[in-house]
Structure formats: structure tokens, C-alpha cells
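Participant: Data: work_32.pdb, PDB, C-alpha atoms, pLDDT in the B column.
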MODEL        1
ATOM      1  CA  MET A   1     126.696  80.550 102.450  1.00 62.00           C
ATOM      2  CA  ARG A   2     128.133  83.398 100.336  1.00 68.00           C
ATOM      3  CA  THR A   3     128.065  81.298  97.178  1.00 75.00           C
ATOM      4  CA  ARG A   4     124.412  80.492  97.747  1.00 75.00           C
ATOM      5  CA  ARG A   5     123.543  84.179  98.252  1.00 75.00           C
ATOM      6  CA  ARG A   6     125.457  85.181  95.121  1.00 75.00           C
ATOM      7  CA  PHE A   7     123.722  82.479  93.128  1.00 73.00           C
ATOM      8  CA  LEU A   8     120.269  83.555  94.358  1.00 72.00           C
ATOM      9  CA  GLY A   9     121.069  87.214  93.687  1.00 72.00           C
ATOM     10  CA  ALA A  10     122.242  86.432  90.154  1.00 72.00           C
ATOM     11  CA  LEU A  11     119.148  84.314  89.528  1.00 69.00           C
ATOM     12  CA  LEU A  12     116.848  87.092  90.695  1.00 65.00           C
ATOM     13  CA  ALA A  13     118.674  89.619  88.521  1.00 67.00           C
ATOM     14  CA  LEU A  14     118.221  87.401  85.476  1.00 64.00           C
ATOM     15  CA  LEU A  15     114.531  86.793  86.112  1.00 68.00           C
ATOM     16  CA  ALA A  16     113.587  90.375  86.977  1.00 62.00           C
ATOM     17  CA  PRO A  17     112.327  92.387  83.987  1.00 55.00           C
ATOM     18  CA  PRO A  18     113.887  95.808  83.382  1.00 50.00           C
ATOM     19  CA  ARG A  19     112.243  98.557  85.471  1.00 44.00           C
ATOM     20  CA  ARG A  20     111.108 100.572  82.492  1.00 41.00           C
ATOM     21  CA  THR A  21     108.896  97.732  81.293  1.00 38.00           C
ATOM     22  CA  LEU A  22     107.141  97.706  84.650  1.00 40.00           C
ATOM     23  CA  ALA A  23     106.711 101.471  84.834  1.00 38.00           C
ATOM     24  CA  GLN A  24     105.118 102.122  81.446  1.00 42.00           C
ATOM     25  CA  PRO A  25     101.862 100.430  80.544  1.00 48.00           C
ATOM     26  CA  SER A  26     101.511  99.380  76.958  1.00 51.00           C
ATOM     27  CA  VAL A  27      98.400  98.652  74.981  1.00 56.00           C
ATOM     28  CA  ASN A  28      98.494  97.148  71.529  1.00 59.00           C
ATOM     29  CA  PRO A  29      95.941  98.723  69.246  1.00 55.00           C
ATOM     30  CA  ALA A  30      93.167  96.556  67.891  1.00 56.00           C
ATOM     31  CA  PRO A  31      93.233  95.913  64.150  1.00 62.00           C
ATOM     32  CA  GLY A  32      92.117  99.012  62.290  1.00 61.00           C
ATOM     33  CA  ILE A  33      93.047 101.426  65.105  1.00 56.00           C
ATOM     34  CA  ASP A  34      95.788 103.934  64.383  1.00 59.00           C
ATOM     35  CA  ALA A  35      98.486 103.516  67.053  1.00 58.00           C
ATOM     36  CA  ARG A  36      98.869 107.316  67.291  1.00 59.00           C
ATOM     37  CA  ILE A  37      95.455 107.685  68.943  1.00 62.00           C
ATOM     38  CA  LEU A  38      96.532 105.554  71.911  1.00 63.00           C
ATOM     39  CA  ASN A  39      97.614 108.766  73.616  1.00 74.00           C
ATOM     40  CA  THR A  40      93.961 109.799  73.808  1.00 84.00           C
ATOM     41  CA  PRO A  41      91.412 108.446  76.287  1.00 88.00           C
ATOM     42  CA  GLN A  42      89.126 107.404  73.404  1.00 87.00           C
ATOM     43  CA  GLY A  43      91.945 105.555  71.639  1.00 86.00           C
ATOM     44  CA  THR A  44      92.925 103.805  74.848  1.00 88.00           C
ATOM     45  CA  LEU A  45      89.321 102.695  75.410  1.00 90.00           C
ATOM     46  CA  GLN A  46      89.063 101.450  71.821  1.00 88.00           C
ATOM     47  CA  SER A  47      92.253  99.471  72.244  1.00 87.00           C
ATOM     48  CA  ILE A  48      91.051  97.861  75.479  1.00 91.00           C
ATOM     49  CA  LEU A  49      87.532  97.094  74.258  1.00 92.00           C
ATOM     50  CA  LYS A  50      88.463  96.017  70.706  1.00 89.00           C
ATOM     51  CA  GLY A  51      84.911  96.741  69.542  1.00 90.00           C
ATOM     52  CA  ALA A  52      83.102  95.207  72.521  1.00 94.00           C
ATOM     53  CA  GLU A  53      80.361  97.031  74.411  1.00 95.00           C
ATOM     54  CA  MET A  54      81.075  98.468  77.847  1.00 95.00           C
ATOM     55  CA  ARG A  55      78.248  98.318  80.410  1.00 97.00           C
ATOM     56  CA  LYS A  56      77.797 100.311  83.610  1.00 97.00           C
ATOM     57  CA  GLY A  57      77.614  98.281  86.816  1.00 94.00           C
ATOM     58  CA  ARG A  58      79.441  95.498  88.691  1.00 96.00           C
ATOM     59  CA  VAL A  59      82.438  97.852  89.112  1.00 97.00           C
ATOM     60  CA  ARG A  60      82.749 100.411  91.900  1.00 98.00           C
ATOM     61  CA  LEU A  61      85.462 103.070  91.675  1.00 98.00           C
ATOM     62  CA  GLU A  62      86.021 105.076  94.845  1.00 97.00           C
ATOM     63  CA  LEU A  63      87.921 108.364  94.595  1.00 97.00           C
ATOM     64  CA  PRO A  64      87.688 111.455  96.776  1.00 96.00           C
ATOM     65  CA  THR A  65      85.634 114.222  95.177  1.00 96.00           C
ATOM     66  CA  VAL A  66      88.433 116.743  95.868  1.00 96.00           C
ATOM     67  CA  ALA A  67      92.180 116.166  96.152  1.00 94.00           C
ATOM     68  CA  ASP A  68      94.471 118.977  97.292  1.00 93.00           C
ATOM     69  CA  ASP A  69      97.474 117.318  95.654  1.00 91.00           C
ATOM     70  CA  GLY A  70      97.387 115.134  92.514  1.00 92.00           C
ATOM     71  CA  HIS A  71     100.659 113.403  93.393  1.00 92.00           C
ATOM     72  CA  SER A  72      99.054 110.732  95.577  1.00 93.00           C
ATOM     73  CA  VAL A  73      95.286 110.317  95.319  1.00 96.00           C
ATOM     74  CA  PRO A  74      93.795 107.298  97.140  1.00 96.00           C
ATOM     75  CA  MET A  75      91.694 104.969  95.006  1.00 96.00           C
ATOM     76  CA  VAL A  76      89.760 101.725  95.480  1.00 97.00           C
ATOM     77  CA  VAL A  77      88.237  99.563  92.743  1.00 97.00           C
ATOM     78  CA  ARG A  78      85.918  96.668  93.586  1.00 97.00           C
ATOM     79  CA  VAL A  79      84.282  94.311  91.097  1.00 97.00           C
ATOM     80  CA  ASP A  80      81.253  92.195  91.931  1.00 95.00           C
ATOM     81  CA  SER A  81      82.449  88.712  90.959  1.00 93.00           C
ATOM     82  CA  PRO A  82      82.419  85.306  92.701  1.00 92.00           C
ATOM     83  CA  MET A  83      86.010  84.703  91.472  1.00 92.00           C
ATOM     84  CA  LYS A  84      85.319  81.043  90.653  1.00 92.00           C
ATOM     85  CA  ASP A  85      86.897  78.961  87.886  1.00 91.00           C
ATOM     86  CA  THR A  86      84.050  79.747  85.495  1.00 91.00           C
ATOM     87  CA  ASP A  87      83.252  83.334  86.557  1.00 94.00           C
ATOM     88  CA  TYR A  88      86.087  85.675  87.461  1.00 95.00           C
ATOM     89  CA  VAL A  89      87.682  89.045  86.661  1.00 96.00           C
ATOM     90  CA  ARG A  90      90.441  88.844  84.046  1.00 96.00           C
ATOM     91  CA  ARG A  91      91.701  92.402  84.245  1.00 96.00           C
ATOM     92  CA  ILE A  92      90.981  95.910  85.453  1.00 96.00           C
ATOM     93  CA  ASP A  93      92.180  98.962  83.502  1.00 96.00           C
ATOM     94  CA  LEU A  94      92.246 102.527  84.825  1.00 96.00           C
ATOM     95  CA  VAL A  95      91.915 105.278  82.217  1.00 95.00           C
ATOM     96  CA  SER A  96      92.537 108.964  82.860  1.00 94.00           C
ATOM     97  CA  GLU A  97      90.918 111.789  80.963  1.00 92.00           C
ATOM     98  CA  LYS A  98      93.802 114.282  81.294  1.00 91.00           C
ATOM     99  CA  ASN A  99      97.040 112.484  82.204  1.00 90.00           C
ATOM    100  CA  PRO A 100      99.803 112.573  79.560  1.00 88.00           C
ATOM    101  CA  VAL A 101      99.432 108.771  79.246  1.00 88.00           C
ATOM    102  CA  PRO A 102      95.720 107.930  79.533  1.00 92.00           C
ATOM    103  CA  LEU A 103      96.212 104.299  80.589  1.00 93.00           C
ATOM    104  CA  ILE A 104      97.109 104.712  84.260  1.00 93.00           C
ATOM    105  CA  ALA A 105      97.409 101.005  85.079  1.00 93.00           C
ATOM    106  CA  THR A 106      96.314  97.476  84.196  1.00 94.00           C
ATOM    107  CA  PHE A 107      95.820  94.802  86.844  1.00 95.00           C
ATOM    108  CA  PHE A 108      95.477  91.125  85.928  1.00 94.00           C
ATOM    109  CA  PHE A 109      93.456  88.620  87.944  1.00 92.00           C
ATOM    110  CA  GLY A 110      92.445  84.988  87.839  1.00 90.00           C
ATOM    111  CA  PRO A 111      90.077  82.766  89.803  1.00 90.00           C
ATOM    112  CA  GLU A 112      92.831  82.029  92.321  1.00 91.00           C
ATOM    113  CA  ALA A 113      92.934  85.709  93.355  1.00 89.00           C
ATOM    114  CA  GLY A 114      89.970  85.111  95.666  1.00 88.00           C
ATOM    115  CA  ARG A 115      88.601  88.649  95.354  1.00 90.00           C
ATOM    116  CA  SER A 116      88.734  91.389  92.772  1.00 92.00           C
ATOM    117  CA  GLU A 117      89.725  94.507  94.641  1.00 94.00           C
ATOM    118  CA  ILE A 118      92.500  97.057  94.168  1.00 94.00           C
ATOM    119  CA  GLU A 119      93.560  99.686  96.656  1.00 95.00           C
ATOM    120  CA  SER A 120      96.282 102.060  95.535  1.00 94.00           C
ATOM    121  CA  ARG A 121      97.205 105.687  94.894  1.00 95.00           C
ATOM    122  CA  LEU A 122      97.134 107.582  91.604  1.00 94.00           C
ATOM    123  CA  ARG A 123      98.948 110.545  90.087  1.00 93.00           C
ATOM    124  CA  LEU A 124      96.467 112.830  88.397  1.00 94.00           C
ATOM    125  CA  ASN A 125      97.030 115.778  86.089  1.00 92.00           C
ATOM    126  CA  GLY A 126      94.295 118.080  87.314  1.00 92.00           C
ATOM    127  CA  THR A 127      90.523 117.945  87.526  1.00 95.00           C
ATOM    128  CA  GLN A 128      89.193 115.072  85.444  1.00 95.00           C
ATOM    129  CA  ARG A 129      87.185 111.873  85.118  1.00 96.00           C
ATOM    130  CA  VAL A 130      88.817 108.514  85.867  1.00 96.00           C
ATOM    131  CA  THR A 131      87.284 105.322  84.474  1.00 96.00           C
ATOM    132  CA  ALA A 132      87.768 101.776  85.785  1.00 97.00           C
ATOM    133  CA  ILE A 133      87.017  99.007  83.273  1.00 97.00           C
ATOM    134  CA  ALA A 134      86.798  95.348  84.266  1.00 97.00           C
ATOM    135  CA  GLN A 135      86.927  92.507  81.774  1.00 97.00           C
ATOM    136  CA  LEU A 136      85.258  89.348  83.054  1.00 96.00           C
ATOM    137  CA  SER A 137      86.030  85.763  82.071  1.00 95.00           C
ATOM    138  CA  ASP A 138      82.992  85.679  79.743  1.00 95.00           C
ATOM    139  CA  GLY A 139      84.532  88.539  77.715  1.00 95.00           C
ATOM    140  CA  SER A 140      82.102  91.214  78.924  1.00 96.00           C
ATOM    141  CA  PHE A 141      83.311  94.661  79.970  1.00 97.00           C
ATOM    142  CA  TRP A 142      81.873  96.601  82.912  1.00 97.00           C
ATOM    143  CA  PHE A 143      82.849 100.063  84.122  1.00 97.00           C
ATOM    144  CA  ASP A 144      82.458 102.829  86.643  1.00 97.00           C
ATOM    145  CA  ALA A 145      83.708 106.402  86.419  1.00 97.00           C
ATOM    146  CA  ALA A 146      84.380 109.076  89.004  1.00 97.00           C
ATOM    147  CA  ASP A 147      84.953 112.807  88.683  1.00 97.00           C
ATOM    148  CA  ILE A 148      87.605 114.393  90.865  1.00 96.00           C
ATOM    149  CA  VAL A 149      88.692 117.990  91.407  1.00 96.00           C
ATOM    150  CA  VAL A 150      92.498 118.185  91.759  1.00 94.00           C
ATOM    151  CA  ASN A 151      93.783 121.481  93.137  1.00 92.00           C
ATOM    152  CA  GLU A 152      97.480 120.868  92.344  1.00 90.00           C
ATOM    153  CA  ALA A 153      98.246 118.749  89.269  1.00 88.00           C
ATOM    154  CA  ALA A 154     100.915 116.075  89.438  1.00 82.00           C
ATOM    155  CA  CYS A 155     101.767 115.422  85.786  1.00 67.00           C
ATOM    156  CA  LEU A 156     102.927 118.826  84.645  1.00 63.00           C
ATOM    157  CA  ASP A 157     103.885 118.392  81.009  1.00 53.00           C
ATOM    158  CA  GLY A 158     103.418 121.926  79.788  1.00 49.00           C
ATOM    159  CA  SER A 159      99.857 121.498  78.546  1.00 47.00           C
TER     160      SER A 159
ENDMDL
END
Please go through the file and, once you have read it, give me the structure as C-alpha cells.

Facilitator:
Amino acid sequence: MRTRRRFLGALLALLAPPRRTLAQPSVNPAPGIDARILNTPQGTLQSILKGAEMRKGRVRLELPTVADDGHSVPMVVRVDSPMKDTDYVRRIDLVSEKNPVPLIATFFFGPEAGRSEIESRLRLNGTQRVTAIAQLSDGSFWFDAADIVVNEAACLDGS
């Protein structure tokens, strides 16, 4: 029994990626985009869209209008999609206007997900606009944005 547990523990340790790769989102810039602008909301959007048009609709981002504390702000993103083999959500990206790293998170989906909905909490660096962008299986991008007033910022970086 102990040998089996050790073996399973060692296997899990080998297969688990390092924590820092999970904690920091990375976006590769599209050709022609200077990698230094990725730390801006516009650069992050350019890197996600890679020249494609972003349309309003099909995505619903729900944030409170006011948050007393930016350390844990509830958020829900829903995308109108049948989640079938030929029509599904590929990914959802959350972009912050004022956080030190604009790309808050990226969530990947497939038709087997059944529904395209995320419910989580965000850390926000003060009053800002948050944008949710969904890429569908046909390559189109849809978005919704929400403004939020944050009374106590979470990401204090001196700026």
C-alpha cells in the first residue's frame, strides 16, 4: 500500500507543472506587435485579437458596480453558445484596464464543456473597466465590458 501511494505521489509530482506557470498568464504577441506593449490593455487586446474584429454581444460580464475591497471581487461571464461540435467557445480572456498585468485570466473551452460560463473572483487595482472577450470556434471574437468602482485597490504597485 505504501509503495503504491509513493508511486502515485511521484507520478503526480512529475506531471504537475510548476506553480509559477499556472499563476502568470502569458500571451505571445502577434507578428508585428512589440512585446513591450503587452503590459498595456491595448497591447494585450492586440495580442489576443491578432488583427481580428471584436463585436459586442453574445458575452455577458457581470460585476458589481461598486466593490469595497479589490482583493476579491465576484465575477460571472456567460457566453451565448450551443457548445456543439461545430459551434462552441474556444476561450474567454479577461482584460483589466488598470491592473499591473492587464491579462487577468484565460479560460479554455471545447464542445465537451457543455456550457460556457465562468464564476470566479478577481483582484482589481482600483476603479476601472474590465473586458471579457470570447473567441468562438468560427474564429469570431465577441465581448462585453463592465465598469466598477473599487474603494480599496488590491494590486498596489506604487503607481

Participant: Written as a list in words, what is the full residue list that the PyMOL selection byres ((chain A and resi 102-116) around 7) yields on the file shown?

Facilitator: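 With the shown file as input, the PyMOL selection byres ((chain A and resi 102-116) around 7) matches Pro25, Asn39, Thr40, Pro41, Thr44, Arg78, Val79, Met83, Lys84, Asp85, Tyr88, Val89, Arg90, Arg91, Ile92, Asp93, Leu94, Val95, Ser96, Glu97, Lys98, Asn99, Pro100, Val101, Glu117 and Ile118 of chain A.
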
Participant: Considering only C-alpha atoms, return as a list in words whatever protein or nucleic-acid residues lie within 12 Å of A:Met54, sequence-local ones (same chain, fewer than 6 positions apart) excluded.

Facilitator: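 Answer for this query is Leu45, Gln46, Ile48, Thr131, Ala132, Ile133, Ala134, Gln135, Leu136, Gly139, Ser140, Phe141, Trp142, Phe143, Asp144 and Ala145 of chain A.
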
Participant: Keeping only C-alpha atoms, write the selected residues to a file as a PDB file, keeping the file's coordinate frame.

Facilitator:
ATOM      1  CA  LEU A  45      89.321 102.695  75.410  1.00 90.00           C
ATOM      2  CA  GLN A  46      89.063 101.450  71.821  1.00 88.00           C
ATOM      3  CA  ILE A  48      91.051  97.861  75.479  1.00 91.00           C
ATOM      4  CA  THR A 131      87.284 105.322  84.474  1.00 96.00           C
ATOM      5  CA  ALA A 132      87.768 101.776  85.785  1.00 97.00           C
ATOM      6  CA  ILE A 133      87.017  99.007  83.273  1.00 97.00           C
ATOM      7  CA  ALA A 134      86.798  95.348  84.266  1.00 97.00           C
ATOM      8  CA  GLN A 135      86.927  92.507  81.774  1.00 97.00           C
ATOM      9  CA  LEU A 136      85.258  89.348  83.054  1.00 96.00           C
ATOM     10  CA  GLY A 139      84.532  88.539  77.715  1.00 95.00           C
ATOM     11  CA  SER A 140      82.102  91.214  78.924  1.00 96.00           C
ATOM     12  CA  PHE A 141      83.311  94.661  79.970  1.00 97.00           C
ATOM     13  CA  TRP A 142      81.873  96.601  82.912  1.00 97.00           C
ATOM     14  CA  PHE A 143      82.849 100.063  84.122  1.00 97.00           C
ATOM     15  CA  ASP A 144      82.458 102.829  86.643  1.00 97.00           C
ATOM     16  CA  ALA A 145      83.708 106.402  86.419  1.00 97.00           C
TER      17      ALA A 145
END

Participant: Rounded to one decimal place, report the atom CA of A:Val66-atom CA of A:Asp80 distance in Å.

Facilitator: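 The value is 25.9 Å.
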
Participant: What does the distance from atom CA of A:Arg121 to atom CA of A:Leu61 come to in Å, to one decimal?

Facilitator: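 Those two atoms sit 12.5 Å apart.
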
Participant: Closest to A:Arg123 among A:Glu53, A:Ala10, A:Gln42, A:Asp69, using only C-alpha atoms?

Facilitator: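 Counting only C-alpha atoms, the residue closest to A:Arg123 is A:Asp69.
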
Participant: Interatomic distance between atom CA of A:Val130 and atom CA of A:Leu63?

Facilitator: 8.8 Å
